[in-house]
Structure formats: structure tokens, C-alpha cells
$ cat final_26.cif   # mmCIF, C-alpha atoms
data_run
loop_
_atom_site.group_PDB
_atom_site.id
_atom_site.type_symbol
_atom_site.label_atom_id
_atom_site.label_comp_id
_atom_site.auth_asym_id
_atom_site.auth_seq_id
_atom_site.Cartn_x
_atom_site.Cartn_y
_atom_site.Cartn_z
ATOM 1 C CA MET A 1 100.424 91.018 77.523
ATOM 2 C CA ALA A 2 103.368 91.132 75.115
ATOM 3 C CA ARG A 3 103.783 94.931 74.969
ATOM 4 C CA GLU A 4 103.543 97.773 77.440
ATOM 5 C CA PRO A 5 99.932 98.882 78.055
ATOM 6 C CA VAL A 6 98.861 102.013 76.211
ATOM 7 C CA ASN A 7 95.337 102.582 77.580
ATOM 8 C CA VAL A 8 93.268 102.053 80.727
ATOM 9 C CA ASN A 9 91.596 98.892 79.453
ATOM 10 C CA GLU A 10 94.982 97.255 79.017
ATOM 11 C CA PHE A 11 96.017 98.218 82.545
ATOM 12 C CA GLN A 12 92.809 96.609 83.787
ATOM 13 C CA GLU A 13 93.681 93.387 81.971
ATOM 14 C CA LEU A 14 97.125 93.414 83.609
ATOM 15 C CA ALA A 15 95.428 93.813 86.971
ATOM 16 C CA ARG A 16 93.178 90.840 86.228
ATOM 17 C CA GLN A 17 96.237 88.721 85.456
ATOM 18 C CA ALA A 18 98.197 89.836 88.516
ATOM 19 C CA LEU A 19 95.632 89.970 91.330
ATOM 20 C CA PRO A 20 93.935 87.135 93.219
ATOM 21 C CA LYS A 21 90.384 86.717 91.895
ATOM 22 C CA MET A 22 88.860 87.849 95.201
ATOM 23 C CA TYR A 23 90.675 91.178 95.082
ATOM 24 C CA TYR A 24 90.194 91.783 91.368
ATOM 25 C CA ASP A 25 86.462 91.134 91.702
ATOM 26 C CA TYR A 26 86.351 93.491 94.687
ATOM 27 C CA TYR A 27 87.974 96.326 92.746
ATOM 28 C CA THR A 28 85.960 95.895 89.540
ATOM 29 C CA GLY A 29 82.551 94.713 90.725
ATOM 30 C CA GLY A 30 79.304 96.627 90.998
ATOM 31 C CA ALA A 31 76.087 96.120 92.922
ATOM 32 C CA GLU A 32 73.568 93.365 92.153
ATOM 33 C CA ASP A 33 72.949 92.979 88.379
ATOM 34 C CA GLN A 34 75.695 95.544 87.619
ATOM 35 C CA HIS A 35 73.335 97.421 85.301
ATOM 36 C CA THR A 36 74.617 100.791 86.516
ATOM 37 C CA LEU A 37 78.207 99.594 86.223
ATOM 38 C CA LYS A 38 77.616 98.851 82.539
ATOM 39 C CA GLU A 39 75.811 102.174 82.087
ATOM 40 C CA ASN A 40 78.764 104.074 83.567
ATOM 41 C CA VAL A 41 80.785 102.918 80.563
ATOM 42 C CA GLU A 42 78.070 102.960 77.915
ATOM 43 C CA SER A 43 76.974 106.499 78.788
ATOM 44 C CA PHE A 44 80.454 107.757 77.963
ATOM 45 C CA ARG A 45 80.365 105.939 74.637
ATOM 46 C CA ARG A 46 77.150 107.743 73.700
ATOM 47 C CA ILE A 47 78.808 111.156 74.072
ATOM 48 C CA ILE A 48 79.999 112.516 70.731
ATOM 49 C CA ILE A 49 82.789 115.075 70.398
ATOM 50 C CA ARG A 50 82.184 118.116 68.170
ATOM 51 C CA PRO A 51 85.734 119.120 67.160
ATOM 52 C CA ARG A 52 86.676 122.691 66.261
ATOM 53 C CA ILE A 53 89.601 123.379 63.942
ATOM 54 C CA LEU A 54 92.279 126.016 63.325
ATOM 55 C CA VAL A 55 92.723 126.893 66.979
ATOM 56 C CA ASP A 56 96.207 127.543 68.364
ATOM 57 C CA VAL A 57 96.972 124.539 70.602
ATOM 58 C CA SER A 58 100.749 124.968 70.709
ATOM 59 C CA LYS A 59 100.467 125.824 74.423
ATOM 60 C CA ILE A 60 97.807 124.071 76.478
ATOM 61 C CA ASP A 61 97.149 124.817 80.140
ATOM 62 C CA MET A 62 94.619 122.546 81.860
ATOM 63 C CA SER A 63 95.421 123.781 85.359
ATOM 64 C CA THR A 64 92.691 125.013 87.667
ATOM 65 C CA THR A 65 91.887 125.322 91.369
ATOM 66 C CA ILE A 66 89.654 123.144 93.525
ATOM 67 C CA LEU A 67 88.694 124.636 96.894
ATOM 68 C CA GLY A 68 91.588 127.051 96.444
ATOM 69 C CA HIS A 69 94.167 124.332 95.770
ATOM 70 C CA LYS A 70 96.028 124.485 92.463
ATOM 71 C CA THR A 71 95.964 121.353 90.339
ATOM 72 C CA SER A 72 97.517 120.617 86.948
ATOM 73 C CA ALA A 73 94.190 119.414 85.532
ATOM 74 C CA PRO A 74 90.530 119.171 86.589
ATOM 75 C CA ILE A 75 91.156 115.594 87.689
ATOM 76 C CA MET A 76 91.197 114.113 91.184
ATOM 77 C CA ILE A 77 92.258 110.680 92.384
ATOM 78 C CA ALA A 78 89.125 109.224 93.893
ATOM 79 C CA PRO A 79 89.147 108.011 97.498
ATOM 80 C CA THR A 80 89.223 104.250 97.074
ATOM 81 C CA ALA A 81 89.785 101.607 99.727
ATOM 82 C CA MET A 82 92.468 99.087 100.530
ATOM 83 C CA HIS A 83 95.200 99.826 97.988
ATOM 84 C CA LYS A 84 97.534 97.340 99.643
ATOM 85 C CA LEU A 85 95.395 94.545 98.227
ATOM 86 C CA ALA A 86 97.002 95.529 94.914
ATOM 87 C CA HIS A 87 100.390 97.037 95.862
ATOM 88 C CA LEU A 88 102.714 96.650 98.834
ATOM 89 C CA GLU A 89 103.033 100.420 99.347
ATOM 90 C CA GLY A 90 99.293 100.983 99.110
ATOM 91 C CA GLU A 91 98.004 104.533 99.403
ATOM 92 C CA VAL A 92 101.509 105.917 99.981
ATOM 93 C CA ALA A 93 102.385 104.958 96.397
ATOM 94 C CA THR A 94 99.138 106.516 95.186
ATOM 95 C CA ALA A 95 99.935 109.760 97.010
ATOM 96 C CA ARG A 96 103.376 109.905 95.427
ATOM 97 C CA GLY A 97 101.789 109.432 92.023
ATOM 98 C CA ALA A 98 99.385 112.296 92.733
ATOM 99 C CA ALA A 99 102.291 114.523 93.781
ATOM 100 C CA ALA A 100 104.247 113.645 90.642
ATOM 101 C CA CYS A 101 101.256 114.568 88.462
ATOM 102 C CA ASP A 102 100.360 117.617 90.570
ATOM 103 C CA VAL A 103 96.769 116.510 91.125
ATOM 104 C CA ILE A 104 94.675 116.177 94.279
ATOM 105 C CA MET A 105 94.355 112.821 96.021
ATOM 106 C CA GLY A 106 91.298 111.690 97.942
ATOM 107 C CA LEU A 107 92.318 109.348 100.777
ATOM 108 C CA SER A 108 89.740 106.774 101.797
ATOM 109 C CA TYR A 109 88.501 106.262 105.359
ATOM 110 C CA MET A 110 89.079 102.565 104.580
ATOM 111 C CA SER A 111 92.686 102.960 103.486
ATOM 112 C CA THR A 112 95.325 100.374 104.327
ATOM 113 C CA CYS A 113 97.901 103.079 105.134
ATOM 114 C CA THR A 114 97.340 105.513 107.970
ATOM 115 C CA VAL A 115 96.514 109.182 107.608
ATOM 116 C CA GLU A 116 99.944 109.987 109.048
ATOM 117 C CA GLU A 117 101.833 107.655 106.686
ATOM 118 C CA VAL A 118 100.216 109.202 103.632
ATOM 119 C CA ALA A 119 100.679 112.765 104.897
ATOM 120 C CA SER A 120 104.393 112.265 105.517
ATOM 121 C CA SER A 121 105.082 110.459 102.233
ATOM 122 C CA CYS A 122 105.031 113.463 99.869
ATOM 123 C CA ASN A 123 103.670 116.963 99.277
ATOM 124 C CA ALA A 124 100.495 115.994 97.391
ATOM 125 C CA VAL A 125 97.359 118.010 98.134
ATOM 126 C CA ARG A 126 95.078 115.587 99.950
ATOM 127 C CA PHE A 127 91.376 115.502 100.826
ATOM 128 C CA PHE A 128 90.109 112.959 103.382
ATOM 129 C CA GLN A 129 86.967 110.909 102.720
ATOM 130 C CA ILE A 130 84.890 109.712 105.662
ATOM 131 C CA TYR A 131 81.980 107.502 106.530
ATOM 132 C CA VAL A 132 80.143 108.316 109.738
ATOM 133 C CA TYR A 133 80.366 105.445 112.192
ATOM 134 C CA LYS A 134 77.822 104.567 114.842
ATOM 135 C CA ARG A 135 80.580 105.554 117.239
ATOM 136 C CA ARG A 136 80.779 109.209 116.309
ATOM 137 C CA ASP A 137 83.841 109.666 118.515
ATOM 138 C CA ILE A 138 85.864 107.527 116.100
ATOM 139 C CA THR A 139 84.736 109.554 113.095
ATOM 140 C CA ALA A 140 85.512 112.785 114.951
ATOM 141 C CA LEU A 141 88.990 111.497 115.820
ATOM 142 C CA MET A 142 89.674 110.620 112.178
ATOM 143 C CA VAL A 143 88.570 114.086 111.051
ATOM 144 C CA HIS A 144 90.874 115.683 113.632
ATOM 145 C CA ARG A 145 93.797 113.513 112.502
ATOM 146 C CA ALA A 146 93.238 114.577 108.903
ATOM 147 C CA GLU A 147 93.076 118.248 109.879
ATOM 148 C CA LYS A 148 96.212 117.941 112.040
ATOM 149 C CA ASN A 149 98.105 116.300 109.170
ATOM 150 C CA GLY A 150 97.431 118.981 106.597
ATOM 151 C CA PHE A 151 94.526 117.563 104.598
ATOM 152 C CA GLY A 152 92.677 120.227 102.647
ATOM 153 C CA ALA A 153 89.051 119.106 102.863
ATOM 154 C CA ILE A 154 86.682 116.483 104.238
ATOM 155 C CA ILE A 155 84.664 114.381 101.780
ATOM 156 C CA LEU A 156 81.530 112.940 103.383
ATOM 157 C CA THR A 157 80.246 109.852 101.589
ATOM 158 C CA ALA A 158 76.482 110.134 102.007
ATOM 159 C CA ASP A 159 75.072 107.351 99.819
ATOM 160 C CA THR A 160 75.928 104.385 102.039
ATOM 161 C CA PRO A 161 73.438 103.886 104.889
ATOM 162 C CA ARG A 162 73.952 100.238 104.004
ATOM 163 C CA LEU A 163 76.582 98.715 101.778
ATOM 164 C CA GLY A 164 75.405 97.841 98.268
ATOM 165 C CA ARG A 165 74.818 94.142 97.606
ATOM 166 C CA ARG A 166 78.004 93.211 95.766
ATOM 167 C CA GLU A 167 77.378 89.681 94.625
ATOM 168 C CA ALA A 168 80.958 88.897 93.604
ATOM 169 C CA ASP A 169 82.152 89.723 97.126
ATOM 170 C CA ILE A 170 79.423 87.530 98.595
ATOM 171 C CA LYS A 171 80.396 84.591 96.384
ATOM 172 C CA ASN A 172 84.108 85.072 97.096
ATOM 173 C CA LYS A 173 83.517 85.566 100.847
ATOM 174 C CA MET A 174 85.570 88.731 100.607
ATOM 175 C CA ILE A 175 87.833 89.242 103.630
ATOM 176 C CA ALA A 176 88.028 92.620 105.390
ATOM 177 C CA PRO A 177 91.570 93.166 106.702
ATOM 178 C CA GLN A 178 92.302 95.067 109.889
ATOM 179 C CA LEU A 179 92.674 98.712 108.853
ATOM 180 C CA LYS A 180 95.623 100.502 110.460
ATOM 181 C CA ASN A 181 93.766 103.784 110.940
ATOM 182 C CA PHE A 182 91.513 102.092 113.485
ATOM 183 C CA GLU A 183 94.056 100.040 115.423
ATOM 184 C CA GLY A 184 93.371 100.414 119.131
ATOM 185 C CA LEU A 185 89.983 101.999 118.408
ATOM 186 C CA ILE A 186 87.783 99.341 116.872
ATOM 187 C CA SER A 187 88.217 95.984 115.179
ATOM 188 C CA THR A 188 87.673 96.001 111.428
ATOM 189 C CA GLU A 189 88.154 92.227 111.169
ATOM 190 C CA TYR A 190 84.558 91.137 110.805
ATOM 191 C CA VAL A 191 83.677 87.537 110.032
ATOM 192 C CA SER A 192 80.418 86.540 108.364
ATOM 193 C CA ASP A 193 79.206 83.055 107.500
ATOM 194 C CA LYS A 194 76.743 84.573 105.018
ATOM 195 C CA GLY A 195 79.222 85.909 102.479
ATOM 196 C CA SER A 196 81.198 89.140 102.315
ATOM 197 C CA ASN A 197 83.101 90.205 105.413
ATOM 198 C CA ILE A 198 83.192 93.718 103.949
ATOM 199 C CA GLU A 199 79.399 93.809 104.099
ATOM 200 C CA ALA A 200 79.526 92.603 107.708
ATOM 201 C CA LEU A 201 82.044 95.343 108.542
ATOM 202 C CA ALA A 202 79.805 98.041 107.071
ATOM 203 C CA ALA A 203 76.694 96.700 108.818
ATOM 204 C CA GLY A 204 78.513 96.659 112.133
ATOM 205 C CA THR A 205 80.031 100.144 111.934
ATOM 206 C CA PHE A 206 78.208 102.507 109.532
ATOM 207 C CA ASP A 207 75.578 104.820 111.023
ATOM 208 C CA ALA A 208 72.371 104.200 109.059
ATOM 209 C CA SER A 209 70.658 107.098 110.861
ATOM 210 C CA LEU A 210 72.897 109.713 109.178
ATOM 211 C CA CYS A 211 70.776 112.528 107.706
ATOM 212 C CA TRP A 212 70.933 116.186 106.667
ATOM 213 C CA LYS A 213 70.793 117.546 110.222
ATOM 214 C CA ASP A 214 74.069 115.762 110.955
ATOM 215 C CA ILE A 215 75.942 118.085 108.591
ATOM 216 C CA GLU A 216 75.840 120.669 111.379
ATOM 217 C CA TRP A 217 77.577 118.182 113.691
ATOM 218 C CA LEU A 218 80.299 117.570 111.109
ATOM 219 C CA LYS A 219 80.782 121.303 110.541
ATOM 220 C CA SER A 220 81.088 121.779 114.304
ATOM 221 C CA ILE A 221 84.101 119.456 114.630
ATOM 222 C CA THR A 222 86.287 120.779 111.792
ATOM 223 C CA LYS A 223 87.389 124.002 110.168
ATOM 224 C CA LEU A 224 88.034 122.208 106.872
ATOM 225 C CA PRO A 225 85.659 122.676 103.920
ATOM 226 C CA ILE A 226 83.208 119.809 103.489
ATOM 227 C CA LEU A 227 82.228 118.115 100.234
ATOM 228 C CA ILE A 228 79.226 115.768 100.104
ATOM 229 C CA LYS A 229 79.784 112.788 97.826
ATOM 230 C CA GLY A 230 77.016 110.637 96.401
ATOM 231 C CA ILE A 231 74.554 113.229 95.083
ATOM 232 C CA LEU A 232 72.657 112.363 91.884
ATOM 233 C CA THR A 233 69.701 114.796 91.892
ATOM 234 C CA SER A 234 69.261 118.555 91.814
ATOM 235 C CA GLU A 235 66.916 118.258 94.806
ATOM 236 C CA ASP A 236 69.769 116.979 96.951
ATOM 237 C CA ALA A 237 72.096 119.619 95.507
ATOM 238 C CA ILE A 238 69.709 122.279 96.814
ATOM 239 C CA LYS A 239 69.724 120.593 100.236
ATOM 240 C CA ALA A 240 73.526 120.638 100.197
ATOM 241 C CA ILE A 241 73.487 124.382 99.445
ATOM 242 C CA GLU A 242 71.072 124.914 102.325
ATOM 243 C CA ALA A 243 73.333 122.841 104.609
ATOM 244 C CA GLY A 244 76.203 125.203 103.845
ATOM 245 C CA VAL A 245 78.782 122.752 102.528
ATOM 246 C CA ALA A 246 81.621 123.844 100.269
ATOM 247 C CA GLY A 247 80.701 121.595 97.368
ATOM 248 C CA ILE A 248 79.274 118.322 96.149
ATOM 249 C CA ILE A 249 80.635 115.302 94.336
ATOM 250 C CA VAL A 250 78.193 113.922 91.789
ATOM 251 C CA SER A 251 78.655 110.178 92.155
ATOM 252 C CA ASN A 252 76.897 106.819 92.011
ATOM 253 C CA HIS A 253 79.691 105.270 94.091
ATOM 254 C CA GLY A 254 81.214 103.613 91.056
ATOM 255 C CA ALA A 255 77.922 101.690 90.590
ATOM 256 C CA ARG A 256 78.658 99.806 93.797
ATOM 257 C CA GLN A 257 75.723 101.000 95.874
ATOM 258 C CA LEU A 258 72.254 101.274 94.293
ATOM 259 C CA ASP A 259 71.936 99.313 91.076
ATOM 260 C CA TYR A 260 69.704 100.909 88.412
ATOM 261 C CA ALA A 261 70.726 104.353 89.621
ATOM 262 C CA PRO A 262 71.704 106.548 86.656
ATOM 263 C CA ALA A 263 75.191 106.735 85.228
ATOM 264 C CA THR A 264 76.881 109.755 86.793
ATOM 265 C CA ILE A 265 77.668 111.540 83.544
ATOM 266 C CA SER A 266 74.052 111.189 82.393
ATOM 267 C CA VAL A 267 72.814 113.428 85.240
ATOM 268 C CA LEU A 268 75.638 115.963 85.225
ATOM 269 C CA GLU A 269 73.714 118.480 83.110
ATOM 270 C CA GLU A 270 71.109 118.670 85.878
ATOM 271 C CA PHE A 271 73.660 120.462 88.086
ATOM 272 C CA ILE A 272 74.695 123.223 85.679
ATOM 273 C CA PRO A 273 72.387 125.828 87.334
ATOM 274 C CA TYR A 274 74.248 125.340 90.611
ATOM 275 C CA LEU A 275 77.810 125.732 89.336
ATOM 276 C CA ASN A 276 78.111 129.294 90.583
ATOM 277 C CA MET A 277 76.742 128.425 94.035
ATOM 278 C CA PHE A 278 79.507 126.055 95.081
ATOM 279 C CA ASN A 279 81.954 123.478 93.779
ATOM 280 C CA VAL A 280 80.422 120.663 91.748
ATOM 281 C CA VAL A 281 82.816 117.822 91.154
ATOM 282 C CA PHE A 282 82.011 115.113 88.623
ATOM 283 C CA TYR A 283 83.165 111.799 89.927
ATOM 284 C CA ARG A 284 83.357 108.382 88.351
ATOM 285 C CA MET A 285 85.703 105.466 88.740
ATOM 286 C CA LEU A 286 86.707 103.279 85.815
ATOM 287 C CA ILE A 287 88.231 100.721 88.144
ATOM 288 C CA ASN A 288 86.046 100.848 91.208
ATOM 289 C CA SER A 289 86.747 100.335 94.875
ATOM 290 C CA MET A 290 84.986 100.749 98.174
ATOM 291 C CA ASP A 291 85.423 104.453 98.839
#
$ encode --input "final_26.cif" --output "C-alpha cells"
Amino acid sequence: MAREPVNVNEFQELARQALPKMYYDYYTGGAEDQHTLKENVESFRRIIIRPRILVDVSKIDMSTTILGHKTSAPIMIAPTAMHKLAHLEGEVATARGAAACDVIMGLSYMSTCTVEEVASSCNAVRFFQIYVYKRRDITALMVHRAEKNGFGAIILTADTPRLGRREADIKNKMIAPQLKNFEGLISTEYVSDKGSNIEALAAGTFDASLCWKDIEWLKSITKLPILIKGILTSEDAIKAIEAGVAGIIVSNHGARQLDYAPATISVLEEFIPYLNMFNVVFYRMLINSMD
């Protein structure tokens, strides 16, 4: 690219040029036919802006609070996995970017930097995203490490009893690196002769029995507020209210889980009646990753 990028699409093209194909496909791919991935983009294009004129915009303040934490804009950095596949500093660099922009960062359970490394790198407000492993003691330890290191909330990803069938990763035989957060606890170097090692990692570690009653267990091991990520229906929003969580994240996992699920923004209106009951966070990733 001859000139500096000026929009997100141009940054994505730079990433395509710079990254190995395996990693680029991992970051950008969706599940199966990638219908939902396409809809995530097309649904935005169908939204029309109704502009109003002659309003004083000489001073604009987009700041707000999320779970009591001030942020310069109603924008969060999504918890996405394995940043070191794209940058040597990984999630530490991402955290510094969040601090510079005064926005909240979500740190992934599958990060390539440790909880402690990210916490000590800067003063960004951080939330910690978790999966629940079959070995609950490991998940509990990770939650305690996040709480000890000043994270402001726990984000429970609840839409992944099994990993979505990501065909690009299968074709590329995507490699799962050892993740530093789990060193000495469990191996994350899974090898599969059937395709994606990431899929083998998830199958070997994720607890497919996770259900609503387990929210009480999670609440019992932390004092941090809990957000449930992966909700796409008002029925599940009601269940989240009944479970007593602090908020929900409306998400289709960047179209990486269940293909032919709706685009996130297309269901957002369904949650308007619940806005006063708890925090509803709209979540979508333009450049996706395993979060």
C-alpha cells in the first residue's frame, strides 16, 4: 500500500500482506459457510443515518461509564486471543493502546501474554474474559489471578460448548501455541491429525456441561461483577437477569461459532426493554479472533 491507511479496511489489507496465511485466516475467518460473518458486515450497511442539523457540536463528549469505570467513549477492546501471532508485544501492546485512548480492554483467557504482564504494563481499565475448563480449579485460579491483579470484571463466554467449525483453520492445520497463562498447569499444545489444533485444544479443555446453574459457582469464587458474553435472544437475557449477573454482551462470537446465527446488530433492538435492568453491551469484531 503506497500511502498510510486511513480506514479499517486498509489496515486489514496491510495485515493480509504482513501475516502468514495461517494466522491471517485465523484472525479473519468465520464458522462453516461464513454466512454470519458476511451478515455482520452487510447488516451494518443496511443501517441508514438520519442526520439532524444546526446543533452545536463545537464541544463533543462521548465519555461514559461501564460497570462504574470511566471510559472516553462507549467502545471496548474485545477480548481476542493470541495477539503475539501478529505482534511481538502481543496483548501488552494492546493494553497500552487502550490506556492511551482511555478505553476498557478485555483480556482473553487465551492470551499470549500473562495476566500479570498485562496488568503491570500500564494503567488501562481491564476486564478478564474466561472459558470454563473441565478442570474448574484452573478456571478458578485464573479468576483469582485477574482479581488479584486489579481487573475490573469477569466476562464469561457462554456460547462455546464446542468450538465452531472454522474451515480455514482446518485446511491450514492451525497450530495452537503453548499459552503462558497455563504454564505449569496444563498443556495447551494440542496436536490433531484431523485439522485444526485449536479445535483439538478446545475439545480437550472446554467444559461442554456448562449451564445456567454454574453461574452460582462462578459468583461464589469472585467478588468481581460478571458479564455473560454470547447472548443473542431476549429469552437468554431474562435468564441472565434471573442469574444475577451484572450485565450481558450481545455477541455472535464474531461469526466464529454458530453459522447462520443472526448478525449481532440485527438483534440489538430486542434488548432495549432490558437496558434499565443491567448493562447491555453490544459487541462485534470487524477483525475476528478466538475470544
$ closest_residue --input "final_26.cif" --among "A:Ala99, A:Gly150, A:Phe206, A:Leu67" --to "Val245 in chain A" --atoms "all atoms listed in the file"
A:Leu67
$ closest_residue --input "final_26.cif" --among "A:Asn252, A:Thr139, A:Thr71, A:Asn40" --to "Phe182 in chain A" --atoms "all atoms listed in the file"
A:Thr139
$ resolve_selection --input "final_26.cif" --expression "the PyMOL selection byres ((chain A and resi 146) around 12)" --output "VMD selection string"
chain A and resid 106 to 109 114 to 120 126 to 130 139 to 145 147 to 155 181 221 to 224
$ write_last_selection --input "final_26.cif" --atoms "C-alpha atoms" --output "mmCIF file, in the frame of the given file"
data_model
loop_
_atom_site.group_PDB
_atom_site.id
_atom_site.type_symbol
_atom_site.label_atom_id
_atom_site.label_comp_id
_atom_site.auth_asym_id
_atom_site.auth_seq_id
_atom_site.Cartn_x
_atom_site.Cartn_y
_atom_site.Cartn_z
ATOM 1 C CA GLY A 106 91.298 111.690 97.942
ATOM 2 C CA LEU A 107 92.318 109.348 100.777
ATOM 3 C CA SER A 108 89.740 106.774 101.797
ATOM 4 C CA TYR A 109 88.501 106.262 105.359
ATOM 5 C CA THR A 114 97.340 105.513 107.970
ATOM 6 C CA VAL A 115 96.514 109.182 107.608
ATOM 7 C CA GLU A 116 99.944 109.987 109.048
ATOM 8 C CA GLU A 117 101.833 107.655 106.686
ATOM 9 C CA VAL A 118 100.216 109.202 103.632
ATOM 10 C CA ALA A 119 100.679 112.765 104.897
ATOM 11 C CA SER A 120 104.393 112.265 105.517
ATOM 12 C CA ARG A 126 95.078 115.587 99.950
ATOM 13 C CA PHE A 127 91.376 115.502 100.826
ATOM 14 C CA PHE A 128 90.109 112.959 103.382
ATOM 15 C CA GLN A 129 86.967 110.909 102.720
ATOM 16 C CA ILE A 130 84.890 109.712 105.662
ATOM 17 C CA THR A 139 84.736 109.554 113.095
ATOM 18 C CA ALA A 140 85.512 112.785 114.951
ATOM 19 C CA LEU A 141 88.990 111.497 115.820
ATOM 20 C CA MET A 142 89.674 110.620 112.178
ATOM 21 C CA VAL A 143 88.570 114.086 111.051
ATOM 22 C CA HIS A 144 90.874 115.683 113.632
ATOM 23 C CA ARG A 145 93.797 113.513 112.502
ATOM 24 C CA GLU A 147 93.076 118.248 109.879
ATOM 25 C CA LYS A 148 96.212 117.941 112.040
ATOM 26 C CA ASN A 149 98.105 116.300 109.170
ATOM 27 C CA GLY A 150 97.431 118.981 106.597
ATOM 28 C CA PHE A 151 94.526 117.563 104.598
ATOM 29 C CA GLY A 152 92.677 120.227 102.647
ATOM 30 C CA ALA A 153 89.051 119.106 102.863
ATOM 31 C CA ILE A 154 86.682 116.483 104.238
ATOM 32 C CA ILE A 155 84.664 114.381 101.780
ATOM 33 C CA ASN A 181 93.766 103.784 110.940
ATOM 34 C CA ILE A 221 84.101 119.456 114.630
ATOM 35 C CA THR A 222 86.287 120.779 111.792
ATOM 36 C CA LYS A 223 87.389 124.002 110.168
ATOM 37 C CA LEU A 224 88.034 122.208 106.872
#
$ resolve_selection --input "final_26.cif" --expression "the PyMOL selection byres ((chain A and resi 269) around 12)" --output "PyMOL selection string"
chain A and resi 232-234+250+264-268+270-275+280+282
$ atom_distance --input "final_26.cif" --atom1 "CA of Glu242 in chain A" --atom2 "CA of Tyr131 in chain A"
21.0 Å
$ atom_distance --input "final_26.cif" --atom1 "CA of Ala261 in chain A" --atom2 "CA of His35 in chain A"
8.6 Å
$ atom_distance --input "final_26.cif" --atom1 "CA of Asn276 in chain A" --atom2 "CA of Ser220 in chain A"
25.1 Å
$ resolve_selection --input "final_26.cif" --expression "the PyMOL selection byres ((chain A and resi 64) around 12)" --output "MDAnalysis selection string"
chainID A and resid 61:63 65:76 102:104
$ closest_residue --input "final_26.cif" --among "A:Gly164, A:Ile186, A:Ala240, A:Val125" --to "Cys101 in chain A" --atoms "all atoms listed in the file"
A:Val125
$ residues_around --input "final_26.cif" --residues "Thr112 in chain A" --least-positions-apart "6" --cutoff "9 Å" --atoms "all atoms listed in the file" --output "list of chain:residue names"
A:Ala81, A:Met82, A:His83, A:Lys84, A:Leu85, A:Gly90, A:Glu91, A:Pro177, A:Gln178, A:Leu179, A:Lys180, A:Asn181
$ residues_around --input "final_26.cif" --residues "Asp236 in chain A" --least-positions-apart "6" --cutoff "10 Å" --atoms "only C-alpha atoms" --output "PyMOL selection string"
chain A and resi 212+230+242+248
$ closest_residue --input "final_26.cif" --among "A:Gly254, A:Pro20, A:Gly30, A:Pro262" --to "Arg165 in chain A" --atoms "all atoms listed in the file"
A:Gly30
$ build_atoms --input "final_26.cif" --residues "range 88-104 of chain A" --atoms "N, CA and C atoms" --output "PDB file, in the coordinates of the input"
ATOM      1  N   LEU A  88     102.145  96.707  97.491  1.00  0.00           N
ATOM      2  CA  LEU A  88     102.714  96.650  98.834  1.00  0.00           C
ATOM      3  C   LEU A  88     102.753  98.011  99.522  1.00  0.00           C
ATOM      4  N   GLU A  89     102.957  99.081  98.758  1.00  0.00           N
ATOM      5  CA  GLU A  89     103.033 100.420  99.347  1.00  0.00           C
ATOM      6  C   GLU A  89     101.674 101.080  99.500  1.00  0.00           C
ATOM      7  N   GLY A  90     100.647 100.492  98.915  1.00  0.00           N
ATOM      8  CA  GLY A  90      99.293 100.983  99.110  1.00  0.00           C
ATOM      9  C   GLY A  90      99.110 102.447  98.773  1.00  0.00           C
ATOM     10  N   GLU A  91      98.379 103.143  99.654  1.00  0.00           N
ATOM     11  CA  GLU A  91      98.004 104.533  99.403  1.00  0.00           C
ATOM     12  C   GLU A  91      99.195 105.485  99.402  1.00  0.00           C
ATOM     13  N   VAL A  92     100.298 105.094 100.032  1.00  0.00           N
ATOM     14  CA  VAL A  92     101.509 105.917  99.981  1.00  0.00           C
ATOM     15  C   VAL A  92     101.998 106.037  98.536  1.00  0.00           C
ATOM     16  N   ALA A  93     101.981 104.921  97.804  1.00  0.00           N
ATOM     17  CA  ALA A  93     102.385 104.958  96.397  1.00  0.00           C
ATOM     18  C   ALA A  93     101.424 105.816  95.582  1.00  0.00           C
ATOM     19  N   THR A  94     100.136 105.707  95.891  1.00  0.00           N
ATOM     20  CA  THR A  94      99.138 106.516  95.186  1.00  0.00           C
ATOM     21  C   THR A  94      99.377 108.004  95.435  1.00  0.00           C
ATOM     22  N   ALA A  95      99.680 108.358  96.670  1.00  0.00           N
ATOM     23  CA  ALA A  95      99.935 109.760  97.010  1.00  0.00           C
ATOM     24  C   ALA A  95     101.152 110.288  96.262  1.00  0.00           C
ATOM     25  N   ARG A  96     102.182 109.476  96.163  1.00  0.00           N
ATOM     26  CA  ARG A  96     103.376 109.905  95.427  1.00  0.00           C
ATOM     27  C   ARG A  96     103.060 110.102  93.948  1.00  0.00           C
ATOM     28  N   GLY A  97     102.213 109.252  93.406  1.00  0.00           N
ATOM     29  CA  GLY A  97     101.789 109.432  92.023  1.00  0.00           C
ATOM     30  C   GLY A  97     101.020 110.722  91.839  1.00  0.00           C
ATOM     31  N   ALA A  98     100.140 111.033  92.795  1.00  0.00           N
ATOM     32  CA  ALA A  98      99.385 112.296  92.733  1.00  0.00           C
ATOM     33  C   ALA A  98     100.325 113.489  92.783  1.00  0.00           C
ATOM     34  N   ALA A  99     101.332 113.421  93.668  1.00  0.00           N
ATOM     35  CA  ALA A  99     102.291 114.523  93.781  1.00  0.00           C
ATOM     36  C   ALA A  99     103.080 114.688  92.484  1.00  0.00           C
ATOM     37  N   ALA A 100     103.471 113.580  91.887  1.00  0.00           N
ATOM     38  CA  ALA A 100     104.247 113.645  90.642  1.00  0.00           C
ATOM     39  C   ALA A 100     103.445 114.264  89.510  1.00  0.00           C
ATOM     40  N   CYS A 101     102.127 114.023  89.513  1.00  0.00           N
ATOM     41  CA  CYS A 101     101.256 114.568  88.462  1.00  0.00           C
ATOM     42  C   CYS A 101     100.644 115.910  88.844  1.00  0.00           C
ATOM     43  N   ASP A 102     100.895 116.350  90.075  1.00  0.00           N
ATOM     44  CA  ASP A 102     100.360 117.617  90.570  1.00  0.00           C
ATOM     45  C   ASP A 102      98.837 117.642  90.508  1.00  0.00           C
ATOM     46  N   VAL A 103      98.221 116.563  91.004  1.00  0.00           N
ATOM     47  CA  VAL A 103      96.769 116.510  91.125  1.00  0.00           C
ATOM     48  C   VAL A 103      96.401 116.179  92.568  1.00  0.00           C
ATOM     49  N   ILE A 104      95.150 116.382  92.913  1.00  0.00           N
ATOM     50  CA  ILE A 104      94.675 116.177  94.279  1.00  0.00           C
ATOM     51  C   ILE A 104      94.322 114.709  94.488  1.00  0.00           C
TER      52      ILE A 104
END
